[in-house]
Every structure is written in C-alpha cells, then in structure tokens.
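So this one's coords.pdb, PDB, C-alpha atoms:
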ATOM      1  CA  MET A   4     157.597 100.141 148.836
ATOM      2  CA  ARG A   5     161.179 100.978 149.772
ATOM      3  CA  ALA A   6     162.486 100.219 153.229
ATOM      4  CA  VAL A   7     165.833 100.166 155.004
ATOM      5  CA  ARG A   8     166.622  96.747 156.462
ATOM      6  CA  PHE A   9     169.517  94.779 157.902
ATOM      7  CA  HIS A  10     169.884  91.041 157.370
ATOM      8  CA  GLU A  11     172.603  90.645 160.000
ATOM      9  CA  HIS A  12     173.882  92.626 162.941
ATOM     10  CA  GLY A  13     176.889  94.855 162.410
ATOM     11  CA  GLY A  14     178.002  98.351 161.508
ATOM     12  CA  PRO A  15     176.060 100.916 159.471
ATOM     13  CA  ASP A  16     177.156  99.177 156.261
ATOM     14  CA  VAL A  17     174.681  96.328 156.938
ATOM     15  CA  LEU A  18     171.796  98.715 156.215
ATOM     16  CA  THR A  19     170.379  98.313 152.704
ATOM     17  CA  VAL A  20     167.418  99.867 150.868
ATOM     18  CA  GLU A  21     165.135  97.175 149.487
ATOM     19  CA  ASP A  22     161.761  96.856 147.779
ATOM     20  CA  ILE A  23     159.362  94.993 150.050
ATOM     21  CA  GLU A  24     155.603  94.454 150.196
ATOM     22  CA  GLU A  25     153.444  97.258 151.537
ATOM     23  CA  PRO A  26     152.210  96.515 155.050
ATOM     24  CA  GLU A  27     148.615  95.639 155.913
ATOM     25  CA  PRO A  28     147.078  96.926 159.141
ATOM     26  CA  GLY A  29     145.985  94.434 161.756
ATOM     27  CA  HIS A  30     143.285  94.939 164.365
ATOM     28  CA  GLY A  31     143.807  98.277 166.114
ATOM     29  CA  GLU A  32     146.470  99.374 163.624
ATOM     30  CA  VAL A  33     146.829 101.880 160.806
ATOM     31  CA  VAL A  34     149.248 102.209 157.901
ATOM     32  CA  VAL A  35     150.924 105.599 157.566
ATOM     33  CA  GLU A  36     152.562 107.032 154.454
ATOM     34  CA  ALA A  37     155.703 108.369 156.094
ATOM     35  CA  GLY A  38     156.695 111.917 155.244
ATOM     36  CA  ALA A  39     159.545 112.017 157.764
ATOM     37  CA  VAL A  40     161.335 109.540 160.022
ATOM     38  CA  GLY A  41     163.421 110.360 163.080
ATOM     39  CA  VAL A  42     166.916 108.957 163.654
ATOM     40  CA  ASN A  43     167.937 108.133 167.224
ATOM     41  CA  PRO A  44     170.924 106.445 168.886
ATOM     42  CA  VAL A  45     168.668 103.609 170.035
ATOM     43  CA  ASP A  46     168.105 102.673 166.381
ATOM     44  CA  THR A  47     171.773 101.711 166.163
ATOM     45  CA  TYR A  48     171.597  99.481 169.243
ATOM     46  CA  PHE A  49     169.096  97.181 167.518
ATOM     47  CA  ARG A  50     171.240  97.159 164.371
ATOM     48  CA  GLU A  51     174.372  96.282 166.342
ATOM     49  CA  GLY A  52     172.609  93.506 168.255
ATOM     50  CA  ALA A  53     172.930  95.126 171.671
ATOM     51  CA  TYR A  54     169.119  95.112 171.816
ATOM     52  CA  PRO A  55     167.205  92.092 170.462
ATOM     53  CA  VAL A  56     165.025  92.080 167.345
ATOM     54  CA  PRO A  57     162.230  89.552 166.774
ATOM     55  CA  ASP A  58     163.559  88.366 163.409
ATOM     56  CA  LEU A  59     165.824  89.162 160.474
ATOM     57  CA  PRO A  60     165.761  90.954 158.109
ATOM     58  CA  PHE A  61     164.556  93.870 160.220
ATOM     59  CA  VAL A  62     163.486  97.479 159.604
ATOM     60  CA  PRO A  63     164.916  99.800 162.312
ATOM     61  CA  GLY A  64     163.524 103.086 163.564
ATOM     62  CA  SER A  65     161.135 104.387 166.218
ATOM     63  CA  ASP A  66     159.807 107.792 165.064
ATOM     64  CA  PHE A  67     157.599 108.740 162.127
ATOM     65  CA  ALA A  68     155.115 111.341 160.884
ATOM     66  CA  GLY A  69     152.828 111.202 157.887
ATOM     67  CA  THR A  70     149.327 110.510 156.579
ATOM     68  CA  VAL A  71     147.055 107.553 157.293
ATOM     69  CA  VAL A  72     146.468 105.516 154.118
ATOM     70  CA  SER A  73     144.851 102.374 155.541
ATOM     71  CA  VAL A  74     142.868 101.597 158.692
ATOM     72  CA  GLY A  75     142.515  98.223 160.374
ATOM     73  CA  GLU A  76     139.505  96.730 162.127
ATOM     74  CA  GLY A  77     138.552  98.217 165.465
ATOM     75  CA  VAL A  78     140.145 101.612 164.776
ATOM     76  CA  GLU A  79     137.868 104.550 165.589
ATOM     77  CA  GLU A  80     140.395 107.252 166.537
ATOM     78  CA  PHE A  81     141.931 107.680 163.080
ATOM     79  CA  ALA A  82     140.693 107.758 159.505
ATOM     80  CA  PHE A  83     142.098 107.801 155.980
ATOM     81  CA  GLY A  84     143.889 111.086 155.298
ATOM     82  CA  ASP A  85     144.578 112.003 158.945
ATOM     83  CA  ARG A  86     147.957 113.545 159.680
ATOM     84  CA  VAL A  87     149.622 111.649 162.533
ATOM     85  CA  PHE A  88     152.934 111.096 164.267
ATOM     86  CA  GLY A  89     154.205 108.462 166.609
ATOM     87  CA  THR A  90     157.059 106.647 168.274
ATOM     88  CA  GLY A  91     157.911 103.386 169.997
ATOM     89  CA  LEU A  92     158.209 101.177 166.934
ATOM     90  CA  GLY A  93     161.349  99.193 166.111
ATOM     91  CA  ASN A  94     161.279  97.507 169.520
ATOM     92  CA  GLY A  95     159.744  94.064 169.159
ATOM     93  CA  ARG A  96     158.065  95.004 165.892
ATOM     94  CA  SER A  97     159.055  96.392 162.500
ATOM     95  CA  GLY A  98     160.348  99.966 162.589
ATOM     96  CA  THR A  99     159.985 103.187 160.664
ATOM     97  CA  TYR A 100     162.806 103.496 158.114
ATOM     98  CA  ALA A 101     160.352 102.943 155.261
ATOM     99  CA  GLU A 102     157.942 104.669 152.915
ATOM    100  CA  GLN A 103     154.997 103.143 154.793
ATOM    101  CA  VAL A 104     154.754 102.262 158.471
ATOM    102  CA  VAL A 105     152.193 100.102 160.267
ATOM    103  CA  ALA A 106     151.521 101.212 163.832
ATOM    104  CA  PRO A 107     149.077 100.452 166.646
ATOM    105  CA  VAL A 108     146.843 103.387 167.546
ATOM    106  CA  GLU A 109     148.249 103.625 171.079
ATOM    107  CA  MET A 110     151.570 104.746 169.578
ATOM    108  CA  LEU A 111     149.974 107.570 167.566
ATOM    109  CA  ALA A 112     148.540 111.054 167.957
ATOM    110  CA  HIS A 113     146.850 113.477 165.594
ATOM    111  CA  LEU A 114     149.106 116.162 164.133
ATOM    112  CA  PRO A 115     147.834 119.708 163.494
ATOM    113  CA  GLU A 116     148.029 120.952 159.912
ATOM    114  CA  ASP A 117     150.394 123.784 160.855
ATOM    115  CA  VAL A 118     153.053 121.431 162.282
ATOM    116  CA  ALA A 119     155.699 120.196 159.833
ATOM    117  CA  LEU A 120     156.051 116.433 159.486
ATOM    118  CA  ALA A 121     159.829 116.637 159.954
ATOM    119  CA  ASP A 122     159.426 118.511 163.252
ATOM    120  CA  ALA A 123     156.950 115.948 164.543
ATOM    121  CA  ALA A 124     159.079 112.959 163.556
ATOM    122  CA  ALA A 125     162.146 114.548 165.125
ATOM    123  CA  LEU A 126     160.325 115.307 168.377
ATOM    124  CA  ALA A 127     158.402 112.088 169.001
ATOM    125  CA  LEU A 128     160.885 109.861 170.852
ATOM    126  CA  VAL A 129     163.007 112.561 172.462
ATOM    127  CA  GLY A 130     159.969 114.623 173.398
ATOM    128  CA  THR A 131     158.257 111.648 174.999
ATOM    129  CA  THR A 132     161.471 110.853 176.883
ATOM    130  CA  ALA A 133     161.845 114.415 178.144
ATOM    131  CA  TRP A 134     158.166 114.514 179.122
ATOM    132  CA  GLN A 135     158.356 111.268 181.058
ATOM    133  CA  ALA A 136     161.505 112.426 182.843
ATOM    134  CA  LEU A 137     160.510 115.975 183.762
ATOM    135  CA  VAL A 138     156.710 115.820 183.976
ATOM    136  CA  HIS A 139     155.859 112.251 184.939
ATOM    137  CA  HIS A 140     158.825 111.187 187.077
ATOM    138  CA  ALA A 141     160.363 114.432 188.389
ATOM    139  CA  ASP A 142     157.179 116.529 188.543
ATOM    140  CA  VAL A 143     159.174 119.728 187.982
ATOM    141  CA  GLU A 144     157.688 122.800 189.649
ATOM    142  CA  PRO A 145     158.060 126.458 188.620
ATOM    143  CA  GLY A 146     161.125 128.078 190.138
ATOM    144  CA  GLU A 147     163.061 124.853 190.600
ATOM    145  CA  THR A 148     166.536 124.379 189.155
ATOM    146  CA  VAL A 149     166.901 121.622 186.585
ATOM    147  CA  LEU A 150     170.328 120.295 185.544
ATOM    148  CA  ILE A 151     170.428 118.595 182.134
ATOM    149  CA  HIS A 152     173.495 116.584 181.154
ATOM    150  CA  GLY A 153     174.079 116.356 177.404
ATOM    151  CA  GLY A 154     172.074 119.454 176.607
ATOM    152  CA  SER A 155     172.903 119.438 172.896
ATOM    153  CA  GLY A 156     171.596 115.918 172.283
ATOM    154  CA  GLY A 157     168.167 114.947 171.021
ATOM    155  CA  VAL A 158     166.645 114.497 174.467
ATOM    156  CA  GLY A 159     168.730 117.235 176.068
ATOM    157  CA  HIS A 160     167.894 120.110 173.741
ATOM    158  CA  VAL A 161     164.170 119.330 173.959
ATOM    159  CA  ALA A 162     164.338 118.909 177.745
ATOM    160  CA  ILE A 163     165.861 122.394 178.038
ATOM    161  CA  GLN A 164     162.864 123.863 176.246
ATOM    162  CA  LEU A 165     160.342 121.789 178.191
ATOM    163  CA  ALA A 166     161.878 122.690 181.564
ATOM    164  CA  GLU A 167     161.953 126.373 180.606
ATOM    165  CA  THR A 168     158.305 126.187 179.553
ATOM    166  CA  MET A 169     157.494 124.638 182.946
ATOM    167  CA  GLY A 170     158.991 127.673 184.659
ATOM    168  CA  ALA A 171     162.233 126.080 185.823
ATOM    169  CA  ARG A 172     165.709 127.578 185.883
ATOM    170  CA  VAL A 173     167.795 125.432 183.508
ATOM    171  CA  VAL A 174     171.485 124.523 183.767
ATOM    172  CA  ALA A 175     173.046 122.285 181.130
ATOM    173  CA  THR A 176     176.326 120.631 180.216
ATOM    174  CA  ALA A 177     177.558 120.470 176.610
ATOM    175  CA  SER A 178     180.513 121.081 174.338
ATOM    176  CA  PRO A 179     181.528 124.781 174.244
ATOM    177  CA  ASP A 180     180.619 124.943 170.549
ATOM    178  CA  HIS A 181     176.971 124.538 171.496
ATOM    179  CA  HIS A 182     176.648 126.835 174.515
ATOM    180  CA  GLU A 183     175.205 129.799 172.641
ATOM    181  CA  ALA A 184     172.628 127.648 170.845
ATOM    182  CA  LEU A 185     171.467 126.069 174.114
ATOM    183  CA  GLU A 186     171.143 129.461 175.765
ATOM    184  CA  GLU A 187     168.937 130.524 172.862
ATOM    185  CA  LEU A 188     166.786 127.456 173.513
ATOM    186  CA  GLY A 189     166.243 128.507 177.138
ATOM    187  CA  ALA A 190     169.232 127.400 179.220
ATOM    188  CA  ASP A 191     170.190 129.926 181.892
ATOM    189  CA  ALA A 192     173.741 128.574 182.192
ATOM    190  CA  VAL A 193     175.751 126.041 180.169
ATOM    191  CA  PHE A 194     179.066 124.472 181.184
ATOM    192  CA  ASP A 195     181.653 122.394 179.361
ATOM    193  CA  TYR A 196     181.160 118.773 180.408
ATOM    194  CA  ARG A 197     184.917 118.206 180.068
ATOM    195  CA  ARG A 198     185.880 120.708 182.792
ATOM    196  CA  ASP A 199     188.078 119.247 185.496
ATOM    197  CA  ASP A 200     186.162 121.355 188.017
ATOM    198  CA  LEU A 201     182.685 120.551 186.717
ATOM    199  CA  GLU A 202     181.436 119.470 190.126
ATOM    200  CA  ARG A 203     182.646 122.682 191.740
ATOM    201  CA  ILE A 204     181.168 124.995 189.110
ATOM    202  CA  LEU A 205     177.815 123.209 189.177
ATOM    203  CA  SER A 206     177.725 123.458 192.963
ATOM    204  CA  GLU A 207     178.472 127.171 192.805
ATOM    205  CA  GLU A 208     175.683 127.625 190.259
ATOM    206  CA  GLY A 209     173.137 126.363 192.793
ATOM    207  CA  ALA A 210     172.088 122.879 193.867
ATOM    208  CA  PRO A 211     169.647 121.426 191.311
ATOM    209  CA  ASP A 212     166.270 120.137 192.455
ATOM    210  CA  VAL A 213     166.004 117.891 189.396
ATOM    211  CA  ILE A 214     168.748 116.265 187.303
ATOM    212  CA  LEU A 215     168.137 114.730 183.883
ATOM    213  CA  ASP A 216     171.087 112.464 183.143
ATOM    214  CA  THR A 217     171.699 111.201 179.605
ATOM    215  CA  HIS A 218     175.106 109.779 180.650
ATOM    216  CA  MET A 219     174.254 108.102 183.928
ATOM    217  CA  ASP A 220     177.233 105.735 183.850
ATOM    218  CA  ARG A 221     179.497 108.802 184.173
ATOM    219  CA  TYR A 222     177.680 111.022 186.615
ATOM    220  CA  LEU A 223     176.011 108.991 189.360
ATOM    221  CA  GLN A 224     178.414 110.277 192.028
ATOM    222  CA  LEU A 225     178.681 113.805 190.652
ATOM    223  CA  ASN A 226     174.888 114.082 190.592
ATOM    224  CA  ALA A 227     174.679 113.026 194.215
ATOM    225  CA  ASN A 228     177.358 115.502 195.225
ATOM    226  CA  VAL A 229     175.807 118.545 193.537
ATOM    227  CA  ALA A 230     172.105 117.782 194.074
ATOM    228  CA  ALA A 231     169.894 119.632 196.514
ATOM    229  CA  ASP A 232     168.443 117.783 199.490
ATOM    230  CA  GLY A 233     165.523 115.684 198.307
ATOM    231  CA  ALA A 234     166.429 116.106 194.628
ATOM    232  CA  ARG A 235     164.938 113.877 191.934
ATOM    233  CA  ILE A 236     167.495 112.357 189.552
ATOM    234  CA  VAL A 237     166.200 110.738 186.362
ATOM    235  CA  GLY A 238     168.538 108.572 184.267
ATOM    236  CA  VAL A 239     167.570 108.158 180.616
ATOM    237  CA  GLY A 240     170.805 107.210 178.853
ATOM    238  CA  ASN A 241     174.229 105.659 179.261
ATOM    239  CA  ASP A 242     177.331 105.090 177.152
ATOM    240  CA  THR A 243     178.545 101.896 178.832
ATOM    241  CA  ALA A 244     176.935  99.094 180.824
ATOM    242  CA  GLU A 245     178.724 100.052 184.052
ATOM    243  CA  GLY A 246     178.254 102.807 186.606
ATOM    244  CA  GLY A 247     178.472 103.313 190.335
ATOM    245  CA  PHE A 248     179.239 105.458 193.363
ATOM    246  CA  ASP A 249     182.471 106.224 195.175
ATOM    247  CA  ASP A 250     180.521 107.446 198.202
ATOM    248  CA  ILE A 251     176.937 106.247 198.192
ATOM    249  CA  GLY A 252     176.344 107.636 201.668
ATOM    250  CA  VAL A 253     175.651 111.115 200.300
ATOM    251  CA  THR A 254     172.539 109.765 198.575
ATOM    252  CA  LYS A 255     171.123 108.806 201.970
ATOM    253  CA  SER A 256     172.100 111.957 203.790
ATOM    254  CA  LYS A 257     170.349 114.052 201.127
ATOM    255  CA  GLU A 258     167.484 111.545 200.713
ATOM    256  CA  LEU A 259     167.861 111.623 196.947
ATOM    257  CA  ARG A 260     165.379 109.890 194.682
ATOM    258  CA  TYR A 261     166.716 108.053 191.620
ATOM    259  CA  GLN A 262     164.521 107.001 188.712
ATOM    260  CA  PHE A 263     165.944 105.087 185.747
ATOM    261  CA  MET A 264     163.592 104.964 182.780
ATOM    262  CA  SER A 265     163.035 103.955 179.172
ATOM    263  CA  MET A 266     160.732 105.768 176.762
ATOM    264  CA  PHE A 267     159.451 102.387 175.594
ATOM    265  CA  ASN A 268     157.754 101.937 178.998
ATOM    266  CA  THR A 269     155.613 105.071 178.617
ATOM    267  CA  ARG A 270     152.012 104.533 179.610
ATOM    268  CA  ASP A 271     149.295 106.316 177.611
ATOM    269  CA  GLN A 272     151.841 107.255 174.978
ATOM    270  CA  SER A 273     149.183 108.683 172.682
ATOM    271  CA  ALA A 274     148.192 111.241 175.326
ATOM    272  CA  VAL A 275     151.810 112.340 175.803
ATOM    273  CA  LEU A 276     152.251 112.737 172.042
ATOM    274  CA  ALA A 277     149.069 114.813 171.880
ATOM    275  CA  ARG A 278     150.458 117.203 174.504
ATOM    276  CA  LEU A 279     153.726 117.432 172.595
ATOM    277  CA  ALA A 280     151.786 118.284 169.425
ATOM    278  CA  ASP A 281     150.155 121.172 171.299
ATOM    279  CA  LEU A 282     153.572 122.424 172.434
ATOM    280  CA  LEU A 283     154.842 122.191 168.857
ATOM    281  CA  LEU A 284     151.852 124.111 167.538
ATOM    282  CA  ARG A 285     152.362 126.901 170.078
ATOM    283  CA  GLY A 286     156.107 126.992 169.486
ATOM    284  CA  ASP A 287     156.886 126.302 173.146
ATOM    285  CA  VAL A 288     158.982 123.254 172.230
ATOM    286  CA  ALA A 289     160.534 122.637 168.826
ATOM    287  CA  PRO A 290     163.289 120.245 167.764
ATOM    288  CA  VAL A 291     166.355 121.608 166.008
ATOM    289  CA  LEU A 292     166.696 119.801 162.681
ATOM    290  CA  HIS A 293     170.411 119.418 162.088
ATOM    291  CA  GLU A 294     170.295 117.466 158.823
ATOM    292  CA  THR A 295     167.938 115.483 156.586
ATOM    293  CA  TYR A 296     168.973 112.270 154.797
ATOM    294  CA  SER A 297     167.392 110.056 152.150
ATOM    295  CA  LEU A 298     166.644 106.403 152.884
ATOM    296  CA  GLU A 299     169.680 105.529 150.762
ATOM    297  CA  ASN A 300     171.867 107.461 153.210
ATOM    298  CA  ALA A 301     170.431 105.962 156.394
ATOM    299  CA  ASP A 302     173.833 104.428 157.104
ATOM    300  CA  GLU A 303     175.429 107.885 157.138
ATOM    301  CA  ALA A 304     172.672 109.167 159.416
ATOM    302  CA  GLN A 305     173.308 106.358 161.894
ATOM    303  CA  ARG A 306     177.034 107.063 161.866
ATOM    304  CA  SER A 307     176.394 110.740 162.482
ATOM    305  CA  VAL A 308     173.892 110.268 165.309
ATOM    306  CA  LEU A 309     176.530 108.373 167.299
ATOM    307  CA  HIS A 310     179.777 110.096 166.393
ATOM    308  CA  ASP A 311     179.148 113.702 165.292
ATOM    309  CA  SER A 312     178.694 116.637 167.637
ATOM    310  CA  PHE A 313     175.686 118.827 166.869
ATOM    311  CA  VAL A 314     172.602 120.349 168.439
ATOM    312  CA  GLY A 315     169.315 118.625 167.754
ATOM    313  CA  LYS A 316     168.062 115.784 165.597
ATOM    314  CA  LEU A 317     168.555 113.985 162.310
ATOM    315  CA  VAL A 318     165.663 112.872 160.103
ATOM    316  CA  LEU A 319     165.145 110.694 157.061
ATOM    317  CA  SER A 320     162.922 111.794 154.187
ATOM    318  CA  PRO A 321     161.336 108.726 152.550
TER     319      PRO A 321
END
Show me the file's structure as structure tokens.
Amino acid sequence: MRAVRFHEHGGPDVLTVEDIEEPEPGHGEVVVEAGAVGVNPVDTYFREGAYPVPDLPFVPGSDFAGTVVSVGEGVEEFAFGDRVFGTGLGNGRSGTYAEQVVAPVEMLAHLPEDVALADAAALALVGTTAWQALVHHADVEPGETVLIHGGSGGVGHVAIQLAETMGARVVATASPDHHEALEELGADAVFDYRRDDLERILSEEGAPDVILDTHMDRYLQLNANVAADGARIVGVGNDTAEGGFDDIGVTKSKELRYQFMSMFNTRDQSAVLARLADLLLRGDVAPVLHETYSLENADEAQRSVLHDSFVGKLVLSP
C-alpha cells in the first residue's frame, strides 16, 4: 500500500509517499481501508520533532474514515465491511496518512451510511476536542455565553456549532475575512482578534461564562479580565511554549476555573465519536471542508494547515 512517511524530522519536504507492507491487526485492532484522512496542526508537530515519535520512518496523522477490511482477535464491536471513523493515532503509534490504517477499537466508532467519509475524517479530532472542552470540562448550559478564540480554525468552527447546538450564545474571534462564515455557522458575534481594543469590546459584549482558548499563550490575562465570575476557561492550543499573567489576582477574585487539555487524553473516545456521528447525521454539527489533497500533496496540506487562513479543515484522499 501507499503511505506518507518521514525518515527524519524537518519541514514538509521530508514527507515522502512510499510503498510499504499492508498492516496486520493485532488483538483488539482492526484494519481500515481509508477513504479520507484529516490533516491537523498536531500532525506537523510530530514531523518537526516537537512531539516524540516511537521510531523512524514514521507515518503521521490522527484522523481517518473508511471501511473495515480485517479484524483482529478479540474484536466483537466491528466486522468486515463496517464503515467507521476514528482519531488519536499518530501519537505513540503509526498514523493515518496511508491507504490502510490499523487502529484499536477504542479509537473507533461506527459511521452511518448517510455520512460522508470526508466529513467524518475532518471532524474526528477537532470534534472530540470541542466535545471534551465544552461538554466534558466546561459543562456548558443553555443560555450561557461561550467565547471561542480562533473561531475559524478546525476546533473553533466546530466548537461554534456545538455550543450553538447546546443552546449557548456564542462569541468568537477571527480574521475579518471569516466573520460572515462564522455567523452562518452559529456565532452571534465575531470580532477581529487583532483589534487593539479587543478586551474592551469583548467586555461590552457580555462576560462569557465559558471560554475556549486555542491560543492560550496569548490570552491568559485577557480571558481572566473579560470572564464572568466563576467562569470556566478551557485551553486546548498554543502557538508558543510560554504564557502567563500580568495580574493573576483577578483569577482569584472571580474564582475562575482553568482547565488545560489534550484530545489524546480523552476517556471513552469511542463513545464521544459515536455522539459526534449522531450530530453529523442530524446536521447539527458539520465540518467545513476547505480543500482536499492527494497523498502525494501531503506536504502542501501540512504547509497550508499551519500558514494559510481559512475556515474549516483539510483532508487527504488516499
């Protein structure tokens, strides 16, 4: 089969398409013929060497959707021919940029026939992240105000839809080019993240009860300043390794709760994916597919996911 691998850490140019042996499922695993593969910023961190890989050469990628073609011992939940999707690979084990993917059953969920493979692959990681942030950690309630930084990103644009579906009022930050698109996805107000008076305008909009921060190294103090008393602030992403407060006292006076998380720590991931599949089927949450690439152009996809400005997700089509 064909797979994208890197033999050394470096820029996107280290990614190469190679013919390798088809995988065999171990105990509790299945092999999936991938129909679509999601592209996420975290994929590039493993390629660059910022996150460790178990060995080289290595296949990157976390998300996938396709059809089960082989079932390992001890597997009862899935059978040959089942449509499935999953996430969480590429971290400590071979990833998903390939024509076939081997995955443990706890990283999978069944996919309804009426859901496109590309939509499922695009949603898996970012949907699980948004779910963990808003449902599991923040426990958003109807009528609350949710502020989402980076609303046009993979996590952000799905979190807008999820929060709106949960009955929340949604405020987001994004580039002005994307404001209209985010409003169509369910945001009640969208502001330019580059505004010099961003803190003031967010405060005037109404103190958020929940903040989803995809740039937590930038906004720790701003979040504290604009948050409502007792707000829950969930950090899911950062651009640098540093971050801090100029006045940490406000966090105590408001009794704010901070939760920093990683999707890879999700418990009962299969159950979360199953709920996301239901939301996809009903049309309550759907990823925006910005562009589809071939495996041969995975390097261009990884460049784009880090450096281009767009709403939604990128996918590979094996």
Please list as a compact mmCIF listing (two decimals) with C-alpha atoms, keeping the file's coordinate frame every residue within 6 Å of Tyr100 of chain A, counting only C-alpha atoms and excluding residues in the same chain fewer than 6 positions away.
# COMPACT_ATOMS: atom_id res chain seq x y z
CA ALA A 6 162.49 100.22 153.23
CA VAL A 7 165.83 100.17 155.00
CA PRO A 63 164.92 99.80 162.31
CA GLY A 64 163.52 103.09 163.56
Between A:Asp66, A:Glu79, A:Asp46, A:Glu32, which residue has the minimum interatomic distance to Arg306 of chain A, considering only C-alpha atoms?
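Comparing A:Asp66, A:Glu79, A:Asp46, A:Glu32 against Arg306 of chain A, the winner is A:Asp46.
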If you count all atoms listed in the file, which residues fall within 10 Å of Gly159 of chain A, apart from same-chain ones fewer than 5 positions away, as a list of chain:residue names?
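Here the qualifying residues turn out to be A:Val129, A:Gly130, A:Thr132, A:Ala133, A:Ile151, A:His152, A:Gly153, A:Gly154, A:Gln164, A:Leu165, A:Ala175, A:Thr176, A:Ala177, A:Leu185, A:Leu215, A:Asp216, A:Thr217, A:Val314, A:Gly315.
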File dump, residues just selected, C-alpha atoms, as a PDB file, keeping the file's coordinate frame:
ATOM      1  CA  VAL A 129     163.007 112.561 172.462  1.00  0.00           C
ATOM      2  CA  GLY A 130     159.969 114.623 173.398  1.00  0.00           C
ATOM      3  CA  THR A 132     161.471 110.853 176.883  1.00  0.00           C
ATOM      4  CA  ALA A 133     161.845 114.415 178.144  1.00  0.00           C
ATOM      5  CA  ILE A 151     170.428 118.595 182.134  1.00  0.00           C
ATOM      6  CA  HIS A 152     173.495 116.584 181.154  1.00  0.00           C
ATOM      7  CA  GLY A 153     174.079 116.356 177.404  1.00  0.00           C
ATOM      8  CA  GLY A 154     172.074 119.454 176.607  1.00  0.00           C
ATOM      9  CA  GLN A 164     162.864 123.863 176.246  1.00  0.00           C
ATOM     10  CA  LEU A 165     160.342 121.789 178.191  1.00  0.00           C
ATOM     11  CA  ALA A 175     173.046 122.285 181.130  1.00  0.00           C
ATOM     12  CA  THR A 176     176.326 120.631 180.216  1.00  0.00           C
ATOM     13  CA  ALA A 177     177.558 120.470 176.610  1.00  0.00           C
ATOM     14  CA  LEU A 185     171.467 126.069 174.114  1.00  0.00           C
ATOM     15  CA  LEU A 215     168.137 114.730 183.883  1.00  0.00           C
ATOM     16  CA  ASP A 216     171.087 112.464 183.143  1.00  0.00           C
ATOM     17  CA  THR A 217     171.699 111.201 179.605  1.00  0.00           C
ATOM     18  CA  VAL A 314     172.602 120.349 168.439  1.00  0.00           C
ATOM     19  CA  GLY A 315     169.315 118.625 167.754  1.00  0.00           C
TER      20      GLY A 315
END
Set the distance at 10 Å and use only C-alpha atoms: which residues neighbour Glu183 of chain A once local chain neighbours fewer than 6 positions away are removed? I'd like the list as a ChimeraX atom specification.
/A:190,192-193
Selected residues, C-alpha atoms, written as a PDB file, in the frame of the given file, please.
ATOM      1  CA  ALA A 190     169.232 127.400 179.220  1.00  0.00           C
ATOM      2  CA  ALA A 192     173.741 128.574 182.192  1.00  0.00           C
ATOM      3  CA  VAL A 193     175.751 126.041 180.169  1.00  0.00           C
TER       4      VAL A 193
END
Once the PyMOL selection byres ((chain A and resi 144) around 8) has been applied to the shown file, what residues remain in the selection, as a VMD selection string?
chain A and resid 142 to 143 145 to 147 169 to 171
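Minimum distance to Gly95 of chain A across A:Glu24, A:Asp58, A:Glu208, A:Glu51 (counting all atoms listed in the file) occurs at A:Asp58.
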Just say which residues the PyMOL selection byres ((chain A and resi 107) around 7) picks in this file, as a list of chain:residue names.
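This file gives the following for the PyMOL selection byres ((chain A and resi 107) around 7): A:Gly31, A:Glu32, A:Val33, A:Ala106, A:Val108, A:Glu109, A:Met110.
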Just write the chosen residues, C-alpha atoms, as a compact mmCIF listing (two decimals), in the coordinates of the input.
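As written to disk, again_27.txt reads:
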# COMPACT_ATOMS: atom_id res chain seq x y z
CA GLY A 31 143.81 98.28 166.11
CA GLU A 32 146.47 99.37 163.62
CA VAL A 33 146.83 101.88 160.81
CA ALA A 106 151.52 101.21 163.83
CA VAL A 108 146.84 103.39 167.55
CA GLU A 109 148.25 103.62 171.08
CA MET A 110 151.57 104.75 169.58
Quick one: which residues end up in the PyMOL selection byres ((chain A and resi 11) around 12) for this structure, as a JSON list (two decimals) with C-alpha atoms, keeping the file's coordinate frame?
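selection-v2.json, freshly written:
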[["chain", "number", "residue", "atom", "x", "y", "z"],
["A", 8, "ARG", "CA", 166.62, 96.75, 156.46],
["A", 9, "PHE", "CA", 169.52, 94.78, 157.90],
["A", 10, "HIS", "CA", 169.88, 91.04, 157.37],
["A", 12, "HIS", "CA", 173.88, 92.63, 162.94],
["A", 13, "GLY", "CA", 176.89, 94.86, 162.41],
["A", 14, "GLY", "CA", 178.00, 98.35, 161.51],
["A", 15, "PRO", "CA", 176.06, 100.92, 159.47],
["A", 16, "ASP", "CA", 177.16, 99.18, 156.26],
["A", 17, "VAL", "CA", 174.68, 96.33, 156.94],
["A", 18, "LEU", "CA", 171.80, 98.72, 156.22],
["A", 19, "THR", "CA", 170.38, 98.31, 152.70],
["A", 49, "PHE", "CA", 169.10, 97.18, 167.52],
["A", 50, "ARG", "CA", 171.24, 97.16, 164.37],
["A", 51, "GLU", "CA", 174.37, 96.28, 166.34],
["A", 52, "GLY", "CA", 172.61, 93.51, 168.26],
["A", 55, "PRO", "CA", 167.20, 92.09, 170.46],
["A", 56, "VAL", "CA", 165.02, 92.08, 167.34],
["A", 58, "ASP", "CA", 163.56, 88.37, 163.41],
["A", 59, "LEU", "CA", 165.82, 89.16, 160.47],
["A", 60, "PRO", "CA", 165.76, 90.95, 158.11],
["A", 61, "PHE", "CA", 164.56, 93.87, 160.22],
["A", 62, "VAL", "CA", 163.49, 97.48, 159.60]]
Please measure the separation of atom CA of Glu27 of chain A and atom CA of Val104 of chain A, giving the value in Å to one decimal.
9.4 Å
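Take atom CA of Pro26 of chain A and atom CA of Val105 of chain A: the distance between them is 6.3 Å.
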Point-to-point distance in Å for atom CA of Leu283 of chain A and atom CA of Thr295 of chain A
19.2 Å
Calculated over all atoms listed in the file, which of the candidates A:Val35, A:Leu120, A:Leu276, A:Gly246 has the smallest distance to Ala82 of chain A?
A:Val35
Shortest contact to Arg278 of chain A, candidates A:Val239, A:Ala37, A:Val78, A:Val138, atoms counted only C-alpha atoms, goes to A:Val138
Which residue, A:Glu202, A:Glu36, A:Asp271, A:Glu102, has the smallest gap to Leu319 of chain A when you use all atoms listed in the file?
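Ranked by minimum distance to Leu319 of chain A, first place goes to A:Glu102.
Those residues that approach Leu282 of chain A to within 12 Å, counting all atoms listed in the file, are Leu114, Pro115, Val118, Asp122, Ala123, Leu126, Ala127, Gly130, Trp134, Val161, Gln164, Leu165, Thr168, Met169, Val275, Leu276, Val288, Ala289 and Pro290 of chain A; same-chain residues fewer than 6 positions away are not listed.
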So, with all atoms listed in the file as the atoms that count, which of A:Arg172, A:Gln103, A:Ala121, A:Leu92 lies closest to Tyr296 of chain A?
A:Ala121
Using only C-alpha atoms, which residues sit within 6 Å of Val71 of chain A once same-chain residues fewer than 5 positions away are excluded, as number ranges by chain?
A: 34-35, 83-85
Around (180.1, 119.6, 188.4), as given in the file, which residues come within 12 Å? Count only C-alpha atoms and list them as number ranges by chain.
A: 150-152, 174-176, 193-211, 214, 221-230
With the cut-off set at 8 Å and counting all atoms listed in the file, tabulate each residue of segment 99-163 of chain A with an atom at most that distance from an atom of segment 252-266 of chain A, showing the nearest atom pair and its distance in Å to one decimal, ordered by chain and increasing number, as a Markdown table.
| residue | atom | partner | partner_atom | distance |
| --- | --- | --- | --- | --- |
| A:Leu128 | CA | A:Met266 | CA | 7.2 |
| A:Thr131 | CA | A:Met266 | CA | 6.6 |
| A:Thr132 | CA | A:Met266 | CA | 5.1 |
| A:Gln135 | CA | A:Met266 | CA | 7.4 |
| A:Ala136 | CA | A:Met264 | CA | 7.7 |
| A:His140 | CA | A:Gln262 | CA | 7.3 |
